[in-house]
$ cat start-v7.csv   # CSV, C-alpha atoms
chain,number,residue,atom,x,y,z
A,29,MET,CA,52.6,9.3,32.0
A,30,LYS,CA,53.0,11.2,35.2
A,31,VAL,CA,50.5,11.7,38.0
A,32,THR,CA,50.8,13.5,41.4
A,33,VAL,CA,49.9,11.7,44.6
A,34,LYS,CA,49.2,13.7,47.7
A,35,TYR,CA,49.2,12.1,51.2
A,36,SER,CA,47.1,13.3,54.1
A,37,ALA,CA,47.1,12.7,57.9
A,38,GLN,CA,48.5,9.3,58.9
A,39,ALA,CA,49.3,8.5,55.2
A,40,ARG,CA,51.6,11.4,55.2
A,41,VAL,CA,53.3,10.2,58.4
A,42,ALA,CA,53.5,6.6,57.2
A,43,THR,CA,55.0,7.5,53.8
A,44,GLY,CA,57.1,10.4,55.1
A,45,LEU,CA,55.8,12.4,52.1
A,46,SER,CA,53.2,15.1,51.5
A,47,SER,CA,53.2,14.4,47.8
A,48,GLU,CA,55.2,12.7,45.1
A,49,VAL,CA,55.1,12.4,41.3
A,50,ILE,CA,54.6,8.9,40.0
A,51,GLU,CA,55.6,7.7,36.5
A,52,LEU,CA,53.1,5.1,35.1
A,53,ASP,CA,54.1,3.0,32.1
A,54,GLU,CA,50.6,2.0,31.2
A,55,PRO,CA,47.0,3.0,32.0
A,56,THR,CA,46.4,2.2,35.7
A,57,THR,CA,43.3,2.1,37.8
A,58,VAL,CA,43.1,3.8,41.2
A,59,HIS,CA,42.8,0.3,42.7
A,60,ASP,CA,46.1,-0.8,41.2
A,61,LEU,CA,47.8,2.5,42.0
A,62,VAL,CA,47.0,2.1,45.7
A,63,ILE,CA,48.4,-1.4,45.7
A,64,ARG,CA,51.5,-0.2,43.9
A,65,LEU,CA,52.0,2.6,46.4
A,66,ALA,CA,51.4,0.3,49.3
A,67,ARG,CA,54.2,-2.0,48.0
A,68,GLN,CA,56.5,0.9,47.5
A,69,HIS,CA,56.1,2.6,50.9
A,70,GLY,CA,56.5,-0.2,53.4
A,71,SER,CA,54.6,-1.8,56.2
A,72,ALA,CA,53.3,1.3,58.0
A,73,PHE,CA,51.5,2.7,54.9
A,74,ARG,CA,50.5,-0.8,53.7
A,75,ARG,CA,48.6,-1.4,57.0
A,76,LEU,CA,46.7,1.8,56.4
A,77,ALA,CA,46.1,1.3,52.7
A,78,LEU,CA,45.3,-2.4,52.2
A,79,ASP,CA,42.9,-4.8,53.8
A,80,ALA,CA,43.8,-8.3,55.0
A,81,GLY,CA,43.2,-9.6,51.4
A,82,GLY,CA,45.7,-7.2,49.9
A,83,CYS,CA,43.1,-4.9,48.3
A,84,PRO,CA,42.7,-1.2,48.9
A,85,HIS,CA,41.0,-0.8,52.3
A,86,PRO,CA,37.3,0.1,51.9
A,87,SER,CA,37.7,3.0,54.4
A,88,LEU,CA,40.6,4.6,52.6
A,89,LEU,CA,39.4,7.8,51.0
A,90,VAL,CA,40.7,8.6,47.6
A,91,ALA,CA,40.1,11.7,45.5
A,92,ILE,CA,41.0,12.5,41.9
A,93,GLY,CA,41.1,16.3,41.8
A,94,ASP,CA,38.1,17.3,43.9
A,95,GLU,CA,36.0,14.2,43.4
A,96,GLN,CA,36.0,11.1,45.6
A,97,VAL,CA,36.6,7.9,43.8
A,98,ARG,CA,36.3,4.4,45.2
A,99,PRO,CA,39.1,2.0,44.3
A,100,SER,CA,36.4,-0.6,43.6
A,101,ASP,CA,35.1,1.6,40.8
A,102,HIS,CA,38.3,0.7,38.8
A,103,ARG,CA,38.5,4.2,37.5
A,104,LYS,CA,41.7,4.8,35.5
A,105,VAL,CA,43.9,7.7,36.3
A,106,ALA,CA,44.7,10.1,33.5
A,107,PRO,CA,48.0,11.9,32.8
A,108,GLY,CA,48.6,15.0,34.9
A,109,GLU,CA,45.8,14.1,37.5
A,110,THR,CA,46.3,14.6,41.2
A,111,ILE,CA,45.3,11.8,43.4
A,112,THR,CA,44.8,12.5,47.1
A,113,ILE,CA,45.0,9.6,49.6
A,114,LEU,CA,43.2,10.3,52.9
A,115,THR,CA,43.2,8.1,55.9
A,116,PRO,CA,40.2,8.4,58.2
A,117,ILE,CA,40.8,10.7,61.2
A,118,SER,CA,38.8,10.9,64.4
A,119,GLY,CA,40.6,13.4,66.6
A,120,GLY,CA,38.1,15.3,68.7
B,8,MET,CA,11.4,20.5,50.8
B,9,SER,CA,13.2,17.3,51.8
B,10,PRO,CA,12.1,14.9,54.5
B,11,SER,CA,14.9,16.3,56.7
B,12,ASP,CA,13.8,19.8,56.2
B,13,VAL,CA,10.2,18.9,57.1
B,14,LYS,CA,11.4,17.2,60.3
B,15,MET,CA,13.6,20.2,61.2
B,16,THR,CA,10.7,22.6,60.7
B,17,LYS,CA,8.4,20.5,62.9
B,18,ARG,CA,10.9,20.3,65.7
B,19,LEU,CA,11.8,24.0,65.7
B,20,GLY,CA,8.3,25.4,65.0
B,21,THR,CA,7.6,27.9,62.3
B,22,ALA,CA,9.0,31.4,62.5
B,23,ARG,CA,5.5,32.8,63.3
B,24,THR,CA,5.1,30.6,66.4
B,25,ARG,CA,8.4,31.7,68.0
B,26,ARG,CA,8.2,34.6,70.4
B,27,PRO,CA,10.1,37.8,69.5
B,28,LEU,CA,13.6,38.5,70.7
B,29,SER,CA,13.8,40.5,73.9
B,30,ALA,CA,15.6,43.9,74.0
B,31,GLU,CA,18.4,42.1,75.9
B,32,GLU,CA,18.7,39.4,73.2
B,33,ARG,CA,18.8,42.0,70.5
B,34,ALA,CA,21.6,43.8,72.3
B,35,VAL,CA,23.7,40.6,72.8
B,36,TYR,CA,23.3,39.3,69.3
B,37,GLU,CA,23.3,42.6,67.5
B,38,TRP,CA,26.4,42.0,65.5
B,39,GLN,CA,25.2,38.7,64.0
B,40,LEU,CA,21.6,39.8,63.5
B,41,ASN,CA,23.0,42.0,60.7
B,42,VAL,CA,24.5,39.0,58.8
B,43,ALA,CA,22.8,38.8,55.4
B,44,GLY,CA,20.3,36.0,55.3
B,45,PHE,CA,20.3,35.4,59.1
B,46,SER,CA,18.2,38.2,60.7
B,47,GLU,CA,15.9,37.9,63.7
B,48,GLU,CA,14.3,34.7,62.3
B,49,GLY,CA,17.6,33.0,62.2
B,50,GLN,CA,18.3,34.0,65.8
B,51,LYS,CA,14.9,32.7,66.9
B,52,ALA,CA,15.6,29.4,65.2
B,53,LEU,CA,18.9,29.1,67.1
B,54,ARG,CA,17.1,29.9,70.4
B,55,SER,CA,14.6,27.2,69.7
B,56,ALA,CA,17.3,24.6,68.9
B,57,SER,CA,19.0,21.9,70.9
B,58,VAL,CA,22.4,20.6,69.9
B,59,LEU,CA,24.2,17.5,71.2
B,60,VAL,CA,27.9,17.9,71.4
B,61,THR,CA,30.0,14.9,72.0
B,62,ARG,CA,32.7,15.1,73.3
B,63,VAL,CA,33.6,18.5,74.6
B,64,GLY,CA,37.4,18.3,74.2
B,65,GLY,CA,39.4,20.3,71.8
B,66,VAL,CA,37.0,20.2,68.9
B,67,GLY,CA,33.7,19.8,70.7
B,68,GLY,CA,34.6,22.4,73.3
B,69,ALA,CA,35.3,25.0,70.7
B,70,ALA,CA,32.0,24.1,68.9
B,71,ALA,CA,30.0,24.4,72.2
B,72,THR,CA,31.6,27.7,72.9
B,73,ALA,CA,30.8,29.2,69.5
B,74,LEU,CA,27.2,27.9,69.7
B,75,ALA,CA,26.7,29.3,73.3
B,76,ALA,CA,28.0,32.7,72.1
B,77,ALA,CA,25.7,32.6,69.1
B,78,GLY,CA,22.7,32.0,71.4
B,79,ILE,CA,21.8,28.4,70.8
B,80,GLY,CA,18.8,27.5,73.0
B,81,ARG,CA,20.1,24.3,74.6
B,82,LEU,CA,23.4,22.4,74.6
B,83,VAL,CA,23.6,18.7,75.6
B,84,LEU,CA,27.2,17.9,76.5
B,85,VAL,CA,28.5,14.4,76.7
B,86,HIS,CA,32.0,13.6,77.9
B,87,GLN,CA,33.1,11.2,80.6
B,88,GLY,CA,36.0,11.7,82.9
B,89,ASN,CA,38.0,14.4,84.8
B,90,VAL,CA,40.3,17.1,83.5
B,91,HIS,CA,43.9,16.1,83.1
B,92,ALA,CA,46.9,18.4,82.7
B,93,SER,CA,47.4,17.1,79.2
B,94,ASP,CA,44.0,18.3,78.2
B,95,LEU,CA,44.8,21.9,78.6
B,96,ASN,CA,46.7,22.5,75.4
B,97,ARG,CA,43.5,22.3,73.4
B,98,GLN,CA,40.4,21.8,75.7
B,99,THR,CA,39.5,25.5,76.1
B,100,LEU,CA,36.5,24.8,78.3
B,101,MET,CA,38.8,23.3,80.9
B,102,SER,CA,41.1,25.1,83.2
B,103,ALA,CA,44.1,24.4,85.4
B,104,ASP,CA,42.1,24.9,88.6
B,105,TRP,CA,39.7,22.1,87.5
B,106,ILE,CA,42.3,19.3,87.1
B,107,GLY,CA,40.9,16.2,88.7
B,108,LYS,CA,37.3,17.3,88.5
B,109,PRO,CA,34.7,16.4,85.8
B,110,ARG,CA,35.2,17.9,82.4
B,111,VAL,CA,31.5,18.4,81.8
B,112,GLU,CA,31.2,20.4,85.0
B,113,SER,CA,34.0,22.7,83.9
B,114,ALA,CA,32.3,23.1,80.5
B,115,LEU,CA,29.0,23.9,82.1
B,116,ARG,CA,30.6,26.5,84.3
B,117,ARG,CA,32.5,28.2,81.5
B,118,LEU,CA,29.6,28.2,79.1
B,119,LYS,CA,27.2,29.7,81.6
B,120,GLU,CA,29.7,32.4,82.3
B,121,LEU,CA,29.8,33.2,78.6
B,122,ASN,CA,26.1,33.1,78.0
B,123,PRO,CA,23.7,32.5,80.9
B,124,ARG,CA,20.7,32.4,78.6
B,125,VAL,CA,21.8,29.0,77.2
B,126,ALA,CA,20.4,25.9,78.8
B,127,VAL,CA,23.3,23.4,79.3
B,128,GLU,CA,22.6,19.8,80.1
B,129,ILE,CA,25.7,17.7,81.0
B,130,HIS,CA,26.3,13.9,81.0
B,131,ASN,CA,29.5,12.5,82.6
B,132,ILE,CA,29.4,9.5,80.2
B,133,ASN,CA,30.6,8.7,76.7
B,134,ILE,CA,28.4,7.7,73.8
B,135,GLY,CA,27.5,4.0,73.9
B,136,GLU,CA,24.9,1.6,72.5
B,137,ASP,CA,22.8,2.0,75.7
B,138,ASN,CA,22.5,5.8,75.6
B,139,VAL,CA,23.0,7.0,72.0
B,140,CYS,CA,19.4,6.8,70.8
B,141,ASP,CA,18.0,8.8,73.8
B,142,LEU,CA,20.7,11.4,73.5
B,143,VAL,CA,20.2,11.9,69.8
B,144,ALA,CA,16.5,12.0,70.3
B,145,SER,CA,16.9,14.8,72.9
B,146,SER,CA,18.5,17.1,70.3
B,147,ASP,CA,17.8,18.7,66.9
B,148,LEU,CA,21.4,18.3,65.6
B,149,VAL,CA,24.5,16.5,66.6
B,150,ILE,CA,28.1,17.7,66.5
B,151,ASP,CA,30.3,14.7,66.4
B,152,ALA,CA,33.7,15.3,67.9
B,153,ALA,CA,34.4,11.9,69.3
B,154,PRO,CA,37.9,10.6,69.5
B,155,LEU,CA,36.9,7.0,68.6
B,156,PHE,CA,35.2,5.7,65.4
B,157,ARG,CA,33.1,3.4,67.5
B,158,GLU,CA,31.3,6.4,69.0
B,159,ARG,CA,31.1,8.1,65.6
B,160,PHE,CA,29.5,5.1,64.0
B,161,LEU,CA,26.9,4.8,66.8
B,162,LEU,CA,26.0,8.5,66.4
B,163,ASN,CA,25.8,8.1,62.6
B,164,ARG,CA,23.4,5.2,62.8
B,165,ALA,CA,21.2,7.0,65.4
B,166,THR,CA,21.1,10.2,63.4
B,167,VAL,CA,20.3,8.4,60.2
B,168,GLU,CA,17.5,6.4,61.9
B,169,GLN,CA,16.0,9.5,63.5
B,170,GLY,CA,16.5,11.8,60.5
B,171,LYS,CA,18.7,14.2,62.4
B,172,PRO,CA,21.6,16.3,60.9
B,173,MET,CA,25.1,15.5,62.1
B,174,VAL,CA,28.1,17.7,61.7
B,175,ASP,CA,31.2,15.5,61.7
B,176,SER,CA,34.5,17.2,62.7
B,177,ALA,CA,37.9,15.7,63.2
B,178,MET,CA,41.5,16.6,63.5
B,179,TYR,CA,45.0,15.0,63.3
B,180,GLU,CA,48.2,16.9,63.8
B,181,LEU,CA,47.9,20.1,61.7
B,182,GLU,CA,45.1,18.7,59.6
B,183,ALA,CA,41.3,18.7,60.0
B,184,GLN,CA,38.2,17.5,58.2
B,185,LEU,CA,34.6,18.6,58.4
B,186,THR,CA,31.4,17.6,56.7
B,187,THR,CA,27.6,17.6,57.4
B,188,PHE,CA,25.4,14.6,57.0
B,189,LEU,CA,21.7,15.3,56.3
B,190,PRO,CA,19.7,12.1,56.2
B,191,GLY,CA,18.1,11.7,52.8
B,192,GLN,CA,20.6,14.0,51.2
B,193,GLY,CA,24.2,13.0,50.5
B,194,PRO,CA,26.3,10.3,52.1
B,195,CYS,CA,26.5,9.3,55.8
B,196,LEU,CA,29.6,8.4,57.7
B,197,THR,CA,29.4,4.7,56.9
B,198,CYS,CA,29.1,5.6,53.2
B,199,LEU,CA,32.5,7.2,53.6
B,200,TYR,CA,34.0,4.5,55.9
B,201,PRO,CA,32.3,1.2,55.3
B,202,GLY,CA,34.9,-0.7,57.2
B,203,ASP,CA,36.5,-0.2,60.6
B,204,PRO,CA,39.2,2.4,59.8
B,205,PRO,CA,42.6,1.0,60.2
B,206,GLY,CA,45.4,2.6,62.2
B,207,TRP,CA,43.5,5.1,64.3
B,208,ARG,CA,44.8,5.5,67.8
B,209,ARG,CA,43.2,7.2,70.8
B,210,GLN,CA,46.2,9.5,71.3
B,211,PHE,CA,47.0,11.8,68.4
B,212,PRO,CA,49.3,14.7,67.9
B,213,VAL,CA,47.5,18.1,67.8
B,214,PHE,CA,47.7,21.8,68.6
B,215,GLY,CA,44.8,23.5,70.3
B,216,ALA,CA,44.7,26.0,67.5
B,217,VAL,CA,43.8,23.2,65.1
B,218,SER,CA,41.0,21.8,67.2
B,219,SER,CA,39.6,25.3,68.0
B,220,MET,CA,39.6,26.1,64.3
B,221,ILE,CA,37.7,23.0,63.2
B,222,GLY,CA,35.4,23.2,66.2
B,223,SER,CA,34.4,26.7,65.3
B,224,LEU,CA,33.7,25.7,61.7
B,225,ALA,CA,31.6,22.8,63.0
B,226,ALA,CA,29.6,25.3,65.0
B,227,MET,CA,29.1,27.4,61.9
B,228,GLU,CA,27.8,24.4,60.0
B,229,ALA,CA,25.3,23.8,62.9
B,230,ILE,CA,24.2,27.4,62.8
B,231,LYS,CA,23.7,27.2,59.0
B,232,VAL,CA,21.7,24.0,59.2
B,233,LEU,CA,19.5,25.2,62.0
B,234,SER,CA,18.9,28.7,60.7
B,235,GLY,CA,18.8,28.0,57.0
B,236,LEU,CA,21.7,30.3,56.3
B,237,GLY,CA,24.2,29.6,53.5
B,238,GLU,CA,25.1,26.2,52.1
B,239,PRO,CA,26.2,23.5,54.4
B,240,LEU,CA,28.9,20.9,53.6
B,241,VAL,CA,26.4,18.3,52.5
B,242,GLY,CA,28.1,15.9,50.1
B,243,ARG,CA,31.4,17.8,50.5
B,244,LEU,CA,34.3,17.1,52.8
B,245,LEU,CA,36.3,20.1,53.9
B,246,LEU,CA,40.1,19.4,54.1
B,247,ALA,CA,42.2,21.9,56.0
B,248,ASP,CA,45.9,21.6,56.3
B,249,LEU,CA,47.3,24.3,58.5
B,250,ARG,CA,50.9,23.2,57.7
B,251,ASP,CA,50.5,25.2,54.5
B,252,MET,CA,47.1,26.9,55.2
B,253,SER,CA,45.4,25.1,52.4
B,254,PHE,CA,41.7,24.6,52.4
B,255,ARG,CA,39.7,22.6,49.8
B,256,THR,CA,36.6,20.6,49.5
B,257,VAL,CA,36.2,17.1,48.0
B,258,ASN,CA,32.8,16.0,46.7
B,259,ILE,CA,31.9,12.8,48.5
B,260,ARG,CA,29.4,10.2,47.4
B,261,ARG,CA,26.7,8.0,48.8
B,262,ASN,CA,27.4,4.4,48.9
B,263,LEU,CA,24.3,2.7,47.4
B,264,HIS,CA,25.1,-0.4,49.4
B,265,CYS,CA,25.6,1.4,52.7
B,266,LEU,CA,24.4,-0.8,55.5
B,267,VAL,CA,23.3,2.2,57.5
B,268,CYS,CA,21.5,4.6,55.2
B,269,ARG,CA,20.4,2.6,52.1
B,270,ASP,CA,17.0,2.0,53.6
B,271,HIS,CA,16.5,5.6,54.9
B,272,ARG,CA,16.5,7.5,51.6
$ encode --input "start-v7.csv" --output "structure tokens"
Amino acid sequence: MKVTVKYSAQARVATGLSSEVIELDEPTTVHDLVIRLARQHGSAFRRLALDAGGCPHPSLLVAIGDEQVRPSDHRKVAPGETITILTPISGG
Amino acid sequence: MSPSDVKMTKRLGTARTRRPLSAEERAVYEWQLNVAGFSEEGQKALRSASVLVTRVGGVGGAAATALAAAGIGRLVLVHQGNVHASDLNRQTLMSADWIGKPRVESALRRLKELNPRVAVEIHNINIGEDNVCDLVASSDLVIDAAPLFRERFLLNRATVEQGKPMVDSAMYELEAQLTTFLPGQGPCLTCLYPGDPPGWRRQFPVFGAVSSMIGSLAAMEAIKVLSGLGEPLVGRLLLADLRDMSFRTVNIRRNLHCLVCRDHR
């Protein structure tokens, strides 16, 4: 199945992408999807996305469609969904 | 009526207790007095209100400008340091002739030129543990436009504990985010970001048009909360991306285990 991942702010800079389509072979949770993307996109994105223990950082904001989801919810993504990954910003 | 609404009504007084607008005030605010759902009562609510804006750079400066123009009663401006040349691409309350002099004094001067009816209180400091409670207590609403999460978290804790609304606005490059935290309703900042956010740096790429845009929207949120107009962004995060001019909102959730707001619901 295919899902679309959008990247915002520093995540966009770290991945060099505003969005991409990801092919998933099996049902995947948001938690596992973030870990997969962190492995795929190298150290700059990994530092933003994962905590010291290798789990999705608790302050990473993730939305499926227009609803926030927490990676700790272990919500599975469905075919065709759009997942937005937002890194916290504080420019004032 | 929620606990926050009750507190807001107490602070601002009821519509009946506020003195009428003067002829001069009616003339100045004529164009907004005709906004549906706002009227003279909304204007009097703004005139009775006090807003803490920290800091008054690109985002906060635009917010303070829009609030002063709209006739807010009192602005409390917090920002330490002097104007630098590199501020001038976005900090519209600063000017080239003020380089090397305190930012808050430039802000005071410009805002009083715009609207001399507004009381402006300035503090040449940044938000810290030693001052945050008193500064939040001195205001009815906070506009958070701080460049560091440490300041944002201090403001969040103080507003939650004191039951004050906080409009949280931020920018990065061509993107911006905005939400409104009302204690007792919806999440707080720590619900969103329970851990110290990784990767944020004090210096960030930005155009002044981005900061002015989101600062003006933050002022609109403050006007709505204070006057009862419209529907604030409580429980919703506005995401603006000026690279493709897309605007959307994401529904954001309380964290039932939030260390800041779980005991204030």
$ atom_distance --input "start-v7.csv" --atom1 "CA of Arg26 in chain B" --atom2 "CA of Thr72 in chain B"
24.5 Å
$ closest_residue --input "start-v7.csv" --among "A:Gln38, A:Thr110, A:Gln68, A:Thr43" --to "chain B" --atoms "only C-alpha atoms"
A:Gln38
$ closest_residue --input "start-v7.csv" --among "B:Met178, B:Cys265, B:Ala76, B:Met101" --to "chain A" --atoms "only C-alpha atoms"
B:Met178
$ closest_residue --input "start-v7.csv" --among "A:Glu109, A:His85, A:Thr115, A:Asp101" --to "Arg40 in chain A" --atoms "only C-alpha atoms"
A:Thr115
$ closest_residue --input "start-v7.csv" --among "B:Leu224, B:Leu199, B:Leu82, B:Leu266" --to "chain A" --atoms "only C-alpha atoms"
B:Leu199
$ closest_atom_pairs --input "start-v7.csv" --of "range 36-113 of chain A" --to "range 243-256 of chain B" --cutoff "10 Å" --atoms "only C-alpha atoms" --output "CSV"
residue,atom,partner,partner_atom,distance
A:Ser36,CA,B:Asp248,CA,8.7
A:Ala37,CA,B:Asp248,CA,9.1
A:Gly93,CA,B:Thr256,CA,9.9
A:Asp94,CA,B:Thr256,CA,6.7
A:Glu95,CA,B:Thr256,CA,8.9
A:Gln96,CA,B:Arg243,CA,9.5
$ build_atoms --input "start-v7.csv" --residues "range 110-125 of chain B" --atoms "N, CA and C atoms" --output "PDB file, in the coordinates of the input"
ATOM      1  N   ARG B 110      35.077  16.954  83.535  1.00  0.00           N
ATOM      2  CA  ARG B 110      35.200  17.900  82.400  1.00  0.00           C
ATOM      3  C   ARG B 110      33.862  18.575  82.110  1.00  0.00           C
ATOM      4  N   VAL B 111      32.768  17.806  82.130  1.00  0.00           N
ATOM      5  CA  VAL B 111      31.500  18.400  81.800  1.00  0.00           C
ATOM      6  C   VAL B 111      31.080  19.522  82.741  1.00  0.00           C
ATOM      7  N   GLU B 112      31.504  19.389  84.006  1.00  0.00           N
ATOM      8  CA  GLU B 112      31.200  20.400  85.000  1.00  0.00           C
ATOM      9  C   GLU B 112      31.966  21.703  84.682  1.00  0.00           C
ATOM     10  N   SER B 113      33.210  21.528  84.268  1.00  0.00           N
ATOM     11  CA  SER B 113      34.000  22.700  83.900  1.00  0.00           C
ATOM     12  C   SER B 113      33.367  23.353  82.634  1.00  0.00           C
ATOM     13  N   ALA B 114      32.933  22.524  81.692  1.00  0.00           N
ATOM     14  CA  ALA B 114      32.300  23.100  80.500  1.00  0.00           C
ATOM     15  C   ALA B 114      31.038  23.826  80.815  1.00  0.00           C
ATOM     16  N   LEU B 115      30.226  23.258  81.689  1.00  0.00           N
ATOM     17  CA  LEU B 115      29.000  23.900  82.100  1.00  0.00           C
ATOM     18  C   LEU B 115      29.294  25.291  82.726  1.00  0.00           C
ATOM     19  N   ARG B 116      30.259  25.307  83.629  1.00  0.00           N
ATOM     20  CA  ARG B 116      30.600  26.500  84.300  1.00  0.00           C
ATOM     21  C   ARG B 116      31.077  27.616  83.323  1.00  0.00           C
ATOM     22  N   ARG B 117      31.953  27.222  82.406  1.00  0.00           N
ATOM     23  CA  ARG B 117      32.500  28.200  81.500  1.00  0.00           C
ATOM     24  C   ARG B 117      31.452  28.721  80.493  1.00  0.00           C
ATOM     25  N   LEU B 118      30.601  27.794  80.031  1.00  0.00           N
ATOM     26  CA  LEU B 118      29.600  28.200  79.100  1.00  0.00           C
ATOM     27  C   LEU B 118      28.524  29.110  79.691  1.00  0.00           C
ATOM     28  N   LYS B 119      28.168  28.833  80.933  1.00  0.00           N
ATOM     29  CA  LYS B 119      27.200  29.700  81.600  1.00  0.00           C
ATOM     30  C   LYS B 119      27.768  31.070  81.898  1.00  0.00           C
ATOM     31  N   GLU B 120      29.082  31.129  82.137  1.00  0.00           N
ATOM     32  CA  GLU B 120      29.700  32.400  82.300  1.00  0.00           C
ATOM     33  C   GLU B 120      29.636  33.222  80.982  1.00  0.00           C
ATOM     34  N   LEU B 121      29.835  32.500  79.890  1.00  0.00           N
ATOM     35  CA  LEU B 121      29.800  33.200  78.600  1.00  0.00           C
ATOM     36  C   LEU B 121      28.418  33.622  78.208  1.00  0.00           C
ATOM     37  N   ASN B 122      27.422  32.729  78.383  1.00  0.00           N
ATOM     38  CA  ASN B 122      26.100  33.100  78.000  1.00  0.00           C
ATOM     39  C   ASN B 122      25.054  32.390  78.919  1.00  0.00           C
ATOM     40  N   PRO B 123      24.617  33.100  79.943  1.00  0.00           N
ATOM     41  CA  PRO B 123      23.700  32.500  80.900  1.00  0.00           C
ATOM     42  C   PRO B 123      22.325  32.155  80.359  1.00  0.00           C
ATOM     43  N   ARG B 124      21.999  32.659  79.156  1.00  0.00           N
ATOM     44  CA  ARG B 124      20.700  32.400  78.600  1.00  0.00           C
ATOM     45  C   ARG B 124      20.610  30.942  78.028  1.00  0.00           C
ATOM     46  N   VAL B 125      21.751  30.335  77.771  1.00  0.00           N
ATOM     47  CA  VAL B 125      21.800  29.000  77.200  1.00  0.00           C
ATOM     48  C   VAL B 125      21.528  27.933  78.219  1.00  0.00           C
TER      49      VAL B 125
END
